[in-house]
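Q: File name work.txt; file contents compact mmCIF, C-alpha atoms and all ligand atoms; full text below.
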# COMPACT_ATOMS: atom_id res chain seq x y z
CA MET W 1 -34.71 -28.10 3.71
CA SER W 2 -32.85 -24.82 3.33
CA ALA W 3 -30.52 -24.37 0.37
CA GLN W 4 -26.87 -25.10 1.06
CA PRO W 5 -24.43 -22.32 0.25
CA ILE W 6 -22.23 -23.04 -2.74
CA THR W 7 -18.86 -24.24 -1.53
CA PHE W 8 -15.62 -24.28 -3.42
CA HIS W 9 -12.84 -26.81 -3.33
CA ALA W 10 -11.48 -26.77 0.24
CA CYS W 11 -12.89 -23.29 0.63
CA PRO W 12 -11.52 -21.93 3.91
CA LYS W 13 -13.88 -19.72 5.84
CA PRO W 14 -13.11 -17.31 8.66
CA ILE W 15 -14.49 -18.62 11.98
CA ALA W 16 -16.44 -15.43 12.57
CA ALA W 17 -17.31 -12.43 10.47
CA ASP W 18 -14.29 -10.18 10.00
CA THR W 19 -11.80 -12.47 11.73
CA TRP W 20 -9.12 -14.32 9.85
CA PRO W 21 -7.02 -16.82 11.81
CA VAL W 22 -3.61 -17.27 10.20
CA ASP W 23 -4.38 -20.89 9.28
CA ALA W 24 -7.52 -19.81 7.39
CA VAL W 25 -5.44 -17.28 5.47
CA LEU W 26 -2.79 -19.90 4.83
CA ALA W 27 -5.47 -22.26 3.52
CA LEU W 28 -6.38 -19.58 0.96
CA PHE W 29 -2.74 -19.37 -0.15
CA ASP W 30 -2.74 -23.18 -0.47
CA LEU W 31 -5.76 -23.32 -2.79
CA PRO W 32 -5.18 -24.45 -6.38
CA PHE W 33 -4.18 -21.28 -8.25
CA ASN W 34 -7.28 -21.14 -10.46
CA GLU W 35 -9.59 -21.68 -7.52
CA LEU W 36 -7.95 -18.85 -5.62
CA MET W 37 -8.19 -16.54 -8.62
CA LEU W 38 -11.87 -17.38 -9.12
CA ARG W 39 -12.73 -16.59 -5.51
CA ALA W 40 -10.76 -13.35 -5.60
CA GLN W 41 -12.46 -12.24 -8.81
CA GLN W 42 -15.92 -13.02 -7.46
CA ILE W 43 -15.30 -10.97 -4.33
CA HIS W 44 -13.73 -8.15 -6.32
CA ARG W 45 -16.84 -7.89 -8.52
CA GLU W 46 -19.15 -7.73 -5.50
CA HIS W 47 -17.53 -4.52 -4.33
CA PHE W 48 -15.87 -2.78 -7.26
CA ASP W 49 -16.06 -2.28 -10.97
CA PRO W 50 -13.41 -4.85 -11.99
CA ALA W 51 -12.39 -2.75 -14.98
CA GLU W 52 -11.41 0.24 -12.85
CA VAL W 53 -7.94 0.98 -11.47
CA GLU W 54 -6.99 3.84 -9.16
CA LEU W 55 -3.92 5.83 -10.16
CA ALA W 56 -1.89 7.24 -7.26
CA THR W 57 1.29 9.21 -7.80
CA LEU W 58 4.12 9.20 -5.29
CA LEU W 59 6.56 11.96 -4.48
CA SER W 60 9.47 11.82 -2.08
CA ILE W 61 9.17 15.14 -0.22
CA LYS W 62 12.17 14.42 2.01
CA THR W 63 14.70 11.98 0.60
CA GLY W 64 17.41 9.90 2.27
CA GLY W 65 19.42 10.20 5.46
CA CYS W 66 16.97 8.14 7.51
CA PRO W 67 18.26 6.87 10.89
CA GLU W 68 16.28 3.60 10.71
CA ASP W 69 17.70 0.23 9.61
CA CYS W 70 14.87 -1.22 7.45
CA GLY W 71 16.78 -3.90 5.53
CA TYR W 72 15.05 -3.21 2.23
CA CYS W 73 15.34 0.55 2.18
CA PRO W 74 17.62 2.59 -0.09
CA GLN W 75 16.96 5.69 2.04
CA ALA W 76 18.52 4.41 5.26
CA ALA W 77 21.62 6.53 5.97
CA ARG W 78 23.60 3.51 7.18
CA TYR W 79 23.52 1.71 3.81
CA ASP W 80 25.65 2.83 0.89
CA THR W 81 23.00 2.96 -1.83
CA GLY W 82 24.02 6.13 -3.68
CA VAL W 83 20.97 8.05 -2.37
CA THR W 84 21.95 11.54 -1.20
CA ALA W 85 20.09 13.04 1.74
CA GLN W 86 18.07 16.12 0.85
CA LYS W 87 16.07 18.69 2.77
CA ILE W 88 12.27 18.80 2.63
CA LEU W 89 11.05 20.04 -0.76
CA PRO W 90 9.61 23.53 -1.06
CA LEU W 91 5.83 23.79 -1.42
CA ASP W 92 5.88 25.01 -5.00
CA THR W 93 7.96 22.00 -6.15
CA VAL W 94 5.44 19.68 -4.52
CA LEU W 95 2.50 21.48 -6.10
CA GLU W 96 4.12 21.41 -9.50
CA ALA W 97 4.50 17.61 -9.19
CA ALA W 98 0.90 17.26 -7.97
CA ARG W 99 -0.45 19.31 -10.89
CA ALA W 100 1.56 17.22 -13.33
CA ALA W 101 0.25 14.01 -11.74
CA ARG W 102 -3.32 15.31 -11.97
CA ALA W 103 -2.81 16.22 -15.61
CA GLU W 104 -1.67 12.62 -16.26
CA GLY W 105 -4.87 11.31 -14.66
CA ALA W 106 -3.80 10.50 -11.08
CA THR W 107 -6.52 11.04 -8.46
CA ARG W 108 -4.39 10.49 -5.39
CA PHE W 109 -1.11 12.16 -4.49
CA CYS W 110 1.09 10.39 -1.91
CA MET W 111 3.93 12.25 -0.24
CA GLY W 112 6.66 10.25 1.48
CA ALA W 113 9.39 11.33 3.87
CA ALA W 114 12.46 9.36 4.98
CA TRP W 115 11.87 10.00 8.66
CA ARG W 116 11.67 7.72 11.66
CA GLU W 117 9.03 10.17 12.87
CA PRO W 118 8.26 13.79 11.98
CA LYS W 119 9.20 16.65 14.27
CA ASP W 120 6.38 19.06 15.05
CA ARG W 121 8.03 21.78 12.98
CA ASP W 122 8.21 19.39 9.98
CA LEU W 123 4.47 19.04 10.18
CA ASP W 124 4.00 22.79 9.56
CA HIS W 125 5.30 22.16 6.02
CA VAL W 126 3.41 18.92 5.51
CA GLU W 127 0.13 20.51 6.60
CA GLU W 128 0.56 23.19 3.97
CA MET W 129 1.27 20.57 1.33
CA VAL W 130 -1.82 18.59 2.28
CA ARG W 131 -4.05 21.67 2.17
CA GLU W 132 -2.74 22.85 -1.18
CA VAL W 133 -2.79 19.42 -2.86
CA LYS W 134 -6.34 18.89 -1.66
CA ALA W 135 -7.25 22.27 -3.12
CA LEU W 136 -6.22 20.85 -6.50
CA GLY W 137 -9.04 18.32 -6.10
CA MET W 138 -6.80 15.35 -5.40
CA GLU W 139 -6.97 12.85 -2.57
CA THR W 140 -4.00 13.19 -0.25
CA CYS W 141 -1.86 10.56 1.43
CA VAL W 142 1.34 10.99 3.42
CA THR W 143 3.82 8.52 4.87
CA LEU W 144 6.08 10.12 7.46
CA GLY W 145 6.97 7.31 9.88
CA MET W 146 5.68 6.97 13.44
CA LEU W 147 3.13 9.52 14.61
CA ALA W 148 2.16 10.86 18.03
CA GLU W 149 -1.53 11.39 18.77
CA HIS W 150 -1.40 15.18 18.49
CA GLN W 151 0.44 14.86 15.14
CA ALA W 152 -2.26 12.59 13.72
CA GLN W 153 -4.83 15.15 14.84
CA ARG W 154 -2.91 17.96 13.16
CA LEU W 155 -2.86 16.04 9.87
CA LYS W 156 -6.58 15.32 10.17
CA ASP W 157 -7.26 19.00 10.76
CA ALA W 158 -5.24 19.85 7.64
CA GLY W 159 -7.67 17.64 5.70
CA LEU W 160 -5.44 14.58 5.11
CA ASP W 161 -7.37 11.68 3.56
CA TYR W 162 -4.97 8.71 4.05
CA TYR W 163 -1.92 7.92 6.14
CA ASN W 164 0.38 5.18 4.82
CA HIS W 165 2.24 3.15 7.41
CA ASN W 166 3.07 -0.43 6.48
CA LEU W 167 3.31 -3.41 8.78
CA ASP W 168 5.80 -4.67 6.19
CA THR W 169 5.74 -8.35 7.19
CA ALA W 170 4.48 -10.88 9.75
CA PRO W 171 5.31 -10.25 13.42
CA GLU W 172 7.49 -13.40 13.50
CA PHE W 173 9.67 -12.32 10.59
CA TYR W 174 9.86 -8.64 11.44
CA GLU W 175 13.04 -8.77 13.55
CA ASN W 176 14.94 -10.19 10.56
CA ILE W 177 14.23 -6.94 8.70
CA ILE W 178 14.13 -4.03 11.16
CA SER W 179 15.59 -3.53 14.63
CA THR W 180 15.20 0.20 15.24
CA ARG W 181 11.44 0.12 15.90
CA ASP W 182 9.17 -2.75 16.74
CA TYR W 183 5.95 -4.17 15.40
CA GLN W 184 3.92 -2.72 18.24
CA ASP W 185 5.20 0.79 17.38
CA ARG W 186 3.66 0.33 13.94
CA LEU W 187 0.35 -0.91 15.33
CA ASP W 188 0.31 2.03 17.75
CA THR W 189 0.82 4.53 14.95
CA LEU W 190 -1.98 2.93 12.94
CA GLY W 191 -4.22 3.15 16.00
CA ARG W 192 -3.50 6.86 16.32
CA VAL W 193 -4.20 7.44 12.64
CA ARG W 194 -7.52 5.61 12.92
CA GLY W 195 -8.30 7.40 16.18
CA ALA W 196 -7.86 10.78 14.49
CA GLY W 197 -10.34 9.77 11.78
CA ILE W 198 -7.81 9.50 8.94
CA LYS W 199 -8.22 6.61 6.49
CA VAL W 200 -5.59 3.91 6.86
CA CYS W 201 -3.26 2.78 4.10
CA SER W 202 -1.23 -0.19 5.32
CA GLY W 203 0.30 -3.21 3.68
CA GLY W 204 3.66 -4.85 3.33
CA ILE W 205 6.46 -6.22 1.22
CA VAL W 206 6.79 -9.74 -0.15
CA GLY W 207 9.93 -11.36 -1.48
CA MET W 208 12.12 -10.58 1.56
CA GLY W 209 12.84 -14.26 2.29
CA GLU W 210 9.68 -14.83 4.34
CA THR W 211 7.78 -18.12 4.17
CA ARG W 212 4.25 -18.54 2.81
CA LEU W 213 3.06 -18.89 6.41
CA GLN W 214 4.63 -15.51 7.16
CA ARG W 215 2.96 -13.94 4.13
CA ALA W 216 -0.30 -15.31 5.53
CA GLY W 217 0.64 -13.85 8.91
CA LEU W 218 1.02 -10.37 7.38
CA ILE W 219 -2.34 -10.57 5.61
CA ALA W 220 -4.03 -11.86 8.78
CA GLN W 221 -2.65 -8.91 10.77
CA LEU W 222 -4.10 -6.47 8.25
CA ALA W 223 -7.40 -8.26 7.75
CA ASN W 224 -8.05 -8.56 11.49
CA MET W 225 -7.74 -4.85 12.13
CA GLU W 226 -11.09 -3.37 13.06
CA PRO W 227 -11.80 -2.01 10.59
CA TYR W 228 -9.24 -3.30 8.10
CA PRO W 229 -7.32 -0.63 6.11
CA GLU W 230 -9.13 1.19 3.32
CA SER W 231 -6.01 0.88 1.21
CA VAL W 232 -3.59 -2.09 1.19
CA PRO W 233 -0.34 -1.70 -0.74
CA ILE W 234 1.33 -5.00 -1.59
CA ASN W 235 4.92 -4.24 -2.53
CA HIS W 236 7.28 -6.65 -4.22
CA LEU W 237 10.77 -6.12 -2.78
CA VAL W 238 12.80 -3.83 -5.05
CA GLN W 239 16.32 -5.08 -4.50
CA VAL W 240 18.65 -2.12 -4.18
CA PRO W 241 22.45 -2.64 -4.16
CA GLY W 242 23.87 -1.67 -0.78
CA THR W 243 20.81 -2.75 1.24
CA PRO W 244 21.04 -5.94 3.33
CA LEU W 245 18.27 -7.56 1.29
CA TYR W 246 20.08 -7.10 -2.00
CA GLY W 247 20.78 -10.52 -3.52
CA GLN W 248 17.79 -12.15 -1.84
CA ASP W 249 16.49 -15.22 -3.73
CA ALA W 250 13.77 -14.20 -6.17
CA LEU W 251 10.19 -14.97 -5.18
CA ASP W 252 8.05 -17.07 -7.55
CA PRO W 253 5.92 -14.38 -9.28
CA LEU W 254 2.83 -16.58 -8.89
CA GLU W 255 3.30 -16.33 -5.14
CA PHE W 256 3.09 -12.55 -5.46
CA VAL W 257 -0.16 -12.93 -7.43
CA ARG W 258 -1.48 -15.26 -4.72
CA THR W 259 -0.71 -12.63 -2.08
CA ILE W 260 -2.77 -10.06 -3.99
CA ALA W 261 -5.67 -12.54 -4.32
CA VAL W 262 -5.61 -13.38 -0.62
CA ALA W 263 -5.57 -9.67 0.28
CA ARG W 264 -8.60 -9.16 -1.97
CA ILE W 265 -10.54 -12.04 -0.43
CA THR W 266 -9.80 -11.12 3.18
CA MET W 267 -10.27 -7.35 2.72
CA PRO W 268 -13.07 -7.21 0.14
CA LYS W 269 -13.73 -3.46 0.20
CA ALA W 270 -10.12 -2.28 0.39
CA ARG W 271 -8.22 -0.77 -2.50
CA VAL W 272 -5.56 -3.44 -2.99
CA ARG W 273 -2.60 -1.70 -4.50
CA LEU W 274 -0.12 -3.40 -6.77
CA SER W 275 2.76 -1.28 -5.47
CA ALA W 276 6.56 -1.36 -5.71
CA GLY W 277 8.25 -3.84 -8.02
CA ARG W 278 6.00 -3.55 -11.08
CA ARG W 279 8.93 -2.88 -13.39
CA GLN W 280 10.48 -6.17 -12.40
CA LEU W 281 7.20 -8.13 -12.57
CA GLY W 282 6.47 -7.48 -16.23
CA ASP W 283 3.16 -7.10 -18.04
CA ALA W 284 1.87 -10.68 -17.79
CA VAL W 285 2.31 -10.92 -14.03
CA GLN W 286 0.78 -7.46 -13.57
CA ALA W 287 -2.20 -8.59 -15.66
CA MET W 288 -2.64 -11.57 -13.32
CA CYS W 289 -2.48 -9.21 -10.33
CA PHE W 290 -5.39 -7.20 -11.78
CA MET W 291 -7.25 -10.46 -12.35
CA ALA W 292 -6.55 -11.33 -8.71
CA GLY W 293 -8.26 -8.14 -7.55
CA ALA W 294 -5.61 -5.44 -7.47
CA ASN W 295 -7.33 -2.16 -8.29
CA SER W 296 -4.76 0.53 -7.61
CA ILE W 297 -1.22 1.26 -8.78
CA PHE W 298 1.52 3.79 -8.22
CA TYR W 299 1.56 5.76 -11.42
CA GLY W 300 4.48 7.93 -12.47
CA ASP W 301 8.02 7.28 -13.62
CA LYS W 302 9.40 7.10 -10.09
CA LEU W 303 8.35 5.52 -6.79
CA LEU W 304 10.25 7.34 -4.02
CA VAL W 305 13.82 6.89 -5.20
CA THR W 306 13.63 3.82 -7.46
CA GLY W 307 12.05 3.49 -10.88
CA ASN W 308 8.50 2.63 -11.85
CA PRO W 309 7.06 1.88 -15.32
CA GLU W 310 6.84 4.97 -17.55
CA VAL W 311 3.44 6.65 -17.67
CA GLU W 312 3.10 5.83 -21.38
CA GLU W 313 3.87 2.18 -20.70
CA ASP W 314 1.18 2.02 -18.01
CA ARG W 315 -1.37 3.72 -20.22
CA ALA W 316 -0.65 1.17 -22.93
CA LEU W 317 -0.91 -1.73 -20.48
CA LEU W 318 -4.27 -0.54 -19.12
CA GLU W 319 -5.52 -0.09 -22.67
CA ARG W 320 -4.37 -3.59 -23.70
CA LEU W 321 -6.18 -5.03 -20.68
CA GLY W 322 -9.34 -2.98 -21.19
CA LEU W 323 -8.91 -1.32 -17.80
CA LYS W 324 -9.88 2.28 -17.12
CA ALA W 325 -8.56 4.81 -14.66
CA LYS W 326 -10.74 5.61 -11.68
CA HIS W 327 -12.15 9.10 -11.54
CA ALA W 328 -12.14 10.97 -8.26
CA HIS W 329 -14.47 9.76 -5.49
CA THR W 330 -15.75 6.36 -6.58
CA ASP W 331 -14.38 4.31 -3.68
CA ALA W 332 -16.96 1.88 -2.27
CA ARG W 333 -16.43 3.33 1.20
CA CYS W 334 -15.86 6.94 0.19
CA GLU W 335 -18.27 9.22 2.00
CA VAL W 336 -18.50 11.54 -1.02
CA THR W 337 -19.71 8.64 -3.19
CA GLN W 338 -22.11 7.48 -0.52
CA ALA W 339 -23.56 10.94 -0.10
CA ALA W 340 -23.95 11.29 -3.87
CA ALA W 341 -25.76 7.93 -4.06
CA GLN W 342 -28.40 8.96 -1.50
N1 LIG W 401 9.87 6.51 6.47
C1 LIG W 401 8.51 6.19 6.50
C2 LIG W 401 8.24 4.81 7.01
O1 LIG W 401 9.07 3.95 6.91
O2 LIG W 401 7.14 4.61 7.51
C3 LIG W 401 7.83 6.38 5.16
C4 LIG W 401 8.52 5.98 3.87
S1 LIG W 401 8.89 4.25 3.64
C5 LIG W 401 9.94 4.32 2.26
C6 LIG W 401 7.37 3.56 3.08
C7 LIG W 401 7.33 2.08 2.75
O3 LIG W 401 7.95 1.85 1.49
C8 LIG W 401 8.02 1.11 3.67
O4 LIG W 401 7.29 0.82 4.82
C9 LIG W 401 8.12 -0.13 2.78
O5 LIG W 401 6.98 -0.93 2.93
C10 LIG W 401 8.18 0.46 1.36
N2 LIG W 401 9.50 0.23 0.75
C11 LIG W 401 10.64 0.89 1.02
N3 LIG W 401 11.68 0.40 0.31
C12 LIG W 401 11.18 -0.61 -0.45
C13 LIG W 401 11.75 -1.52 -1.37
N4 LIG W 401 13.06 -1.51 -1.66
N5 LIG W 401 10.96 -2.42 -1.98
C14 LIG W 401 9.62 -2.44 -1.67
N6 LIG W 401 9.03 -1.62 -0.79
C15 LIG W 401 9.79 -0.72 -0.17
C1 LIG W 402 4.16 1.75 -0.19
O1 LIG W 402 3.60 0.77 0.36
N1 LIG W 402 5.03 1.66 -1.19
C2 LIG W 402 5.50 2.98 -1.56
C3 LIG W 402 4.65 3.91 -0.68
N2 LIG W 402 3.94 3.01 0.15
C4 LIG W 402 5.29 4.98 0.07
C5 LIG W 402 6.97 3.12 -1.46
C6 LIG W 402 7.74 2.11 -2.28
C7 LIG W 402 9.18 2.43 -2.19
C8 LIG W 402 10.01 1.62 -3.13
C9 LIG W 402 11.46 1.94 -3.06
C10 LIG W 402 11.79 3.38 -3.26
O2 LIG W 402 11.63 3.90 -4.39
O3 LIG W 402 12.22 4.01 -2.28
FE1 LIG W 403 13.57 5.15 7.00
FE2 LIG W 403 11.13 4.57 6.13
FE3 LIG W 403 13.32 3.72 4.81
FE4 LIG W 403 12.73 2.63 7.15
S1 LIG W 403 11.47 2.54 5.28
S2 LIG W 403 14.76 3.34 6.50
S3 LIG W 403 11.88 4.39 8.23
S4 LIG W 403 12.67 5.81 5.07
Transcribe the structure of this file into structure tokens.
Ligand code: SAM
Ligand code: DTB
Ligand code: SF4
A:
Amino acid sequence: MSAQPITFHACPKPIAADTWPVDAVLALFDLPFNELMLRAQQIHREHFDPAEVELATLLSIKTGGCPEDCGYCPQAARYDTGVTAQKILPLDTVLEAARAARAEGATRFCMGAAWREPKDRDLDHVEEMVREVKALGMETCVTLGMLAEHQAQRLKDAGLDYYNHNLDTAPEFYENIISTRDYQDRLDTLGRVRGAGIKVCSGGIVGMGETRLQRAGLIAQLANMEPYPESVPINHLVQVPGTPLYGQDALDPLEFVRTIAVARITMPKARVRLSAGRRQLGDAVQAMCFMAGANSIFYGDKLLVTGNPEVEEDRALLERLGLKAKHAHTDARCEVTQAAAQ
């Protein structure tokens, strides 16, 4: 008689390799908390050093004045949030910020622009930024809104490593949050990014009033992509006065931790990034997120326009938890690492 695989309490399994029906994802969310954490930790250890955390620093290269209506966003021109629209930053300002981030230990530099989509002439500047930041030895990521095919190709040719474009939430909840572009637009952009050979960074936001089923729906969308994203930011809504989502009922922090654990289980080799909202979550909840398999953070005193824990605070937290910063090129699926291992 062949040995039976070890099963866990009500352990939900995908029906086929790499496919996650929403009800299987929901069943993960519904597991007893400790059971869920155990599974997430086991999977994390199979693919990563559980003591290692990637540090990625964000910079807003073009702030505010965005024509879109994303209900969470302080950079939408239509909401009175106190954010002033600015022009795209000059290259030397961007490089100064990238050098400072590198000196603090960040290995990835993520540049964000408050655009619905970039114009071709905007990309001339972004390409330069990507080339020069890469020349500093950092991984590059940009988030510029929707992309056309030729724009994705231009970014690939400039050497871009990752493109961030979030699905934000489940398809069913999406229209409660954004009306100026639809879910399919987001999937199309991700398809173009993948098609150009750029690594995909895509995740979402929790705490926007969605149900647990809708959180499961978001994770299922991400996990069922073929392949799933290399990088999955899980943001906790940062409530900004003036945005429609300001005043939203607070999410149970344990539900945020569950979302991280479910992302880890369903996307075992992805960098799961504990993203916006860390300042509000506090040290103990962040520690649980690392236990649940998060292995990347945004590192630096600012996100795009809102605050983030101070660098010193993060260093102290990592030290207290016995976590160490990732050095460049140790991703499980990074071709540089794979080549070095052969
Ligand atoms: N304009 C581009 C776009 O929307 O694709 C790029 C920048 S946009 C700010 C990047 C992502 O930041 C959004 O998709 C959303 O997931 C996240 N984000 C924005 N405001 C947030 C908030 N208040 N709390 C949490 N996440 C937020
Ligand atoms: C992502 O998923 N989160 C980051 C990054 N990708 C671009 C942005 C968070 C923004 C939080 C609110 C702000 O500071 O604008
Ligand atoms: Fe604009 Fe991006 Fe903010 Fe939406 S999330 S309003 S597209 S900057």
Q: Would you be able to write out as a list of chain:residue names which residues have an atom within 6 Å of (4.2, -2.2, -5.1) in the file's coordinates, counting all atoms listed in the file?
A: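 Neighbouring residues, ordered by chain and number, come to W:Ile234, W:Asn235, W:His236, W:Leu274, W:Ser275, W:Ala276, W:Gly277.
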Q: Suppose you want the space between atom CA of W:Arg131 and atom CA of W:Ala98; what is it in Å?
A: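 Between atom CA of W:Arg131 and atom CA of W:Ala98 the gap works out to 12.1 Å.
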Q: Set the distance at 7 Å and use all atoms listed in the file: which residues neighbour W:Val311 once local chain neighbours fewer than 6 positions away are removed? I'd like the list as a PyMOL selection string.
A: chain W and resi 299-301
Q: Can you pull out the residues contacting W:Gly145? Cut-off 9 Å, using all atoms listed in the file, and skip same-chain residues under 2 positions away; I want them as a PyMOL selection string.
A: chain W and resi 112-118+143+147+164-165+186+189
Q: Given all atoms listed in the file as the basis, pick out the residue of W:Leu245, W:Ala270, W:Met129, W:Ala56 nearest to W:Pro90.
A: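 Result for the nearest residue to W:Pro90: W:Met129.
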Q: To one decimal place in Å, what is the distance between atom CA of W:Pro21 and atom CA of W:Asn224?
A: 8.3 Å
Q: Find the spatial neighbours of stretch 57-68 of chain W, counting all atoms listed in the file, within a cut-off of 9 Å - ignore same-chain residues fewer than 2 positions away - and output them as a tab-separated table (two decimals) with C-alpha atoms, keeping the file's coordinate frame.
A:
chain	number	residue	atom	x	y	z
W	55	LEU	CA	-3.92	5.83	-10.16
W	70	CYS	CA	14.87	-1.22	7.45
W	74	PRO	CA	17.62	2.59	-0.09
W	75	GLN	CA	16.96	5.69	2.04
W	76	ALA	CA	18.52	4.41	5.26
W	77	ALA	CA	21.62	6.53	5.97
W	78	ARG	CA	23.60	3.51	7.18
W	83	VAL	CA	20.97	8.05	-2.37
W	84	THR	CA	21.95	11.54	-1.20
W	85	ALA	CA	20.09	13.04	1.74
W	86	GLN	CA	18.07	16.12	0.85
W	87	LYS	CA	16.07	18.69	2.77
W	88	ILE	CA	12.27	18.80	2.63
W	89	LEU	CA	11.05	20.04	-0.76
W	90	PRO	CA	9.61	23.53	-1.06
W	94	VAL	CA	5.44	19.68	-4.52
W	97	ALA	CA	4.50	17.61	-9.19
W	98	ALA	CA	0.90	17.26	-7.97
W	101	ALA	CA	0.25	14.01	-11.74
W	102	ARG	CA	-3.32	15.31	-11.97
W	106	ALA	CA	-3.80	10.50	-11.08
W	107	THR	CA	-6.52	11.04	-8.46
W	108	ARG	CA	-4.39	10.49	-5.39
W	109	PHE	CA	-1.11	12.16	-4.49
W	110	CYS	CA	1.09	10.39	-1.91
W	111	MET	CA	3.93	12.25	-0.24
W	112	GLY	CA	6.66	10.25	1.48
W	113	ALA	CA	9.39	11.33	3.87
W	114	ALA	CA	12.46	9.36	4.98
W	115	TRP	CA	11.87	10.00	8.66
W	116	ARG	CA	11.67	7.72	11.66
W	126	VAL	CA	3.41	18.92	5.51
W	178	ILE	CA	14.13	-4.03	11.16
W	179	SER	CA	15.59	-3.53	14.63
W	180	THR	CA	15.20	0.20	15.24
W	181	ARG	CA	11.44	0.12	15.90
W	297	ILE	CA	-1.22	1.26	-8.78
W	298	PHE	CA	1.52	3.79	-8.22
W	299	TYR	CA	1.56	5.76	-11.42
W	300	GLY	CA	4.48	7.93	-12.47
W	302	LYS	CA	9.40	7.10	-10.09
W	303	LEU	CA	8.35	5.52	-6.79
W	304	LEU	CA	10.25	7.34	-4.02
W	305	VAL	CA	13.82	6.89	-5.20
Q: Can you work out which one of W:Arg315, W:Lys326, W:Arg271, W:Arg279 has the shortest atom-to-atom distance to ligand LIG 401 (chain W), counting all atoms listed in the file?
A: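 Closest residue, counting all atoms listed in the file: W:Arg279.
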Q: Between W:Asp23, W:Glu255, W:Asp161, W:Asp168, which one has atoms that come closest to W:Ala292, using all atoms listed in the file?
A: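 Between W:Asp23, W:Glu255, W:Asp161, W:Asp168, the residue approaching W:Ala292 most closely is W:Glu255.
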Q: To one decimal place in Å, what is the distance between atom CA of W:Gly247 and atom CA of W:Gly207?
A: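 Taking atom CA of W:Gly247 as the start and atom CA of W:Gly207 as the end point, the length is 11.1 Å.
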Q: With distances taken over all atoms listed in the file, which residue among W:Gly159, W:Gly191, W:Pro50, W:Gly203 lies nearest ligand LIG 401 (chain W)?
A: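 Closest residue, counting all atoms listed in the file: W:Gly203.
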Q: Of the residues W:Tyr72, W:Phe33, W:Trp20, W:Tyr183, which is the one nearest to ligand LIG 403 (chain W), using only C-alpha atoms and all ligand atoms?
A: W:Tyr72
Q: Go through W:Pro32, W:Asn295, W:Gln151, W:Gln184 and flag the residue nearest W:Lys324, using all atoms listed in the file for the distances.
A: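 For W:Lys324, the nearest of the given residues is W:Asn295.
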Q: Let me know the centre plus edge lengths, in Å and rounded to one decimal, of a box with edges along x, y and z that contains all listed atoms of ligand LIG 403 (chain W) and is padded by 8 Å on every side, as AutoDock Vina command-line options.
A:
--center_x 12.9 --center_y 4.2 --center_z 6.5 --size_x 19.6 --size_y 19.3 --size_z 19.4
Q: Using only C-alpha atoms, what residues lie at most 10 Å away from (-3.6, 3.3, 7.1) (file coordinates), given as a ChimeraX atom specification?
A: /W:141-143,161-167,189-194,198-203,222,228-233
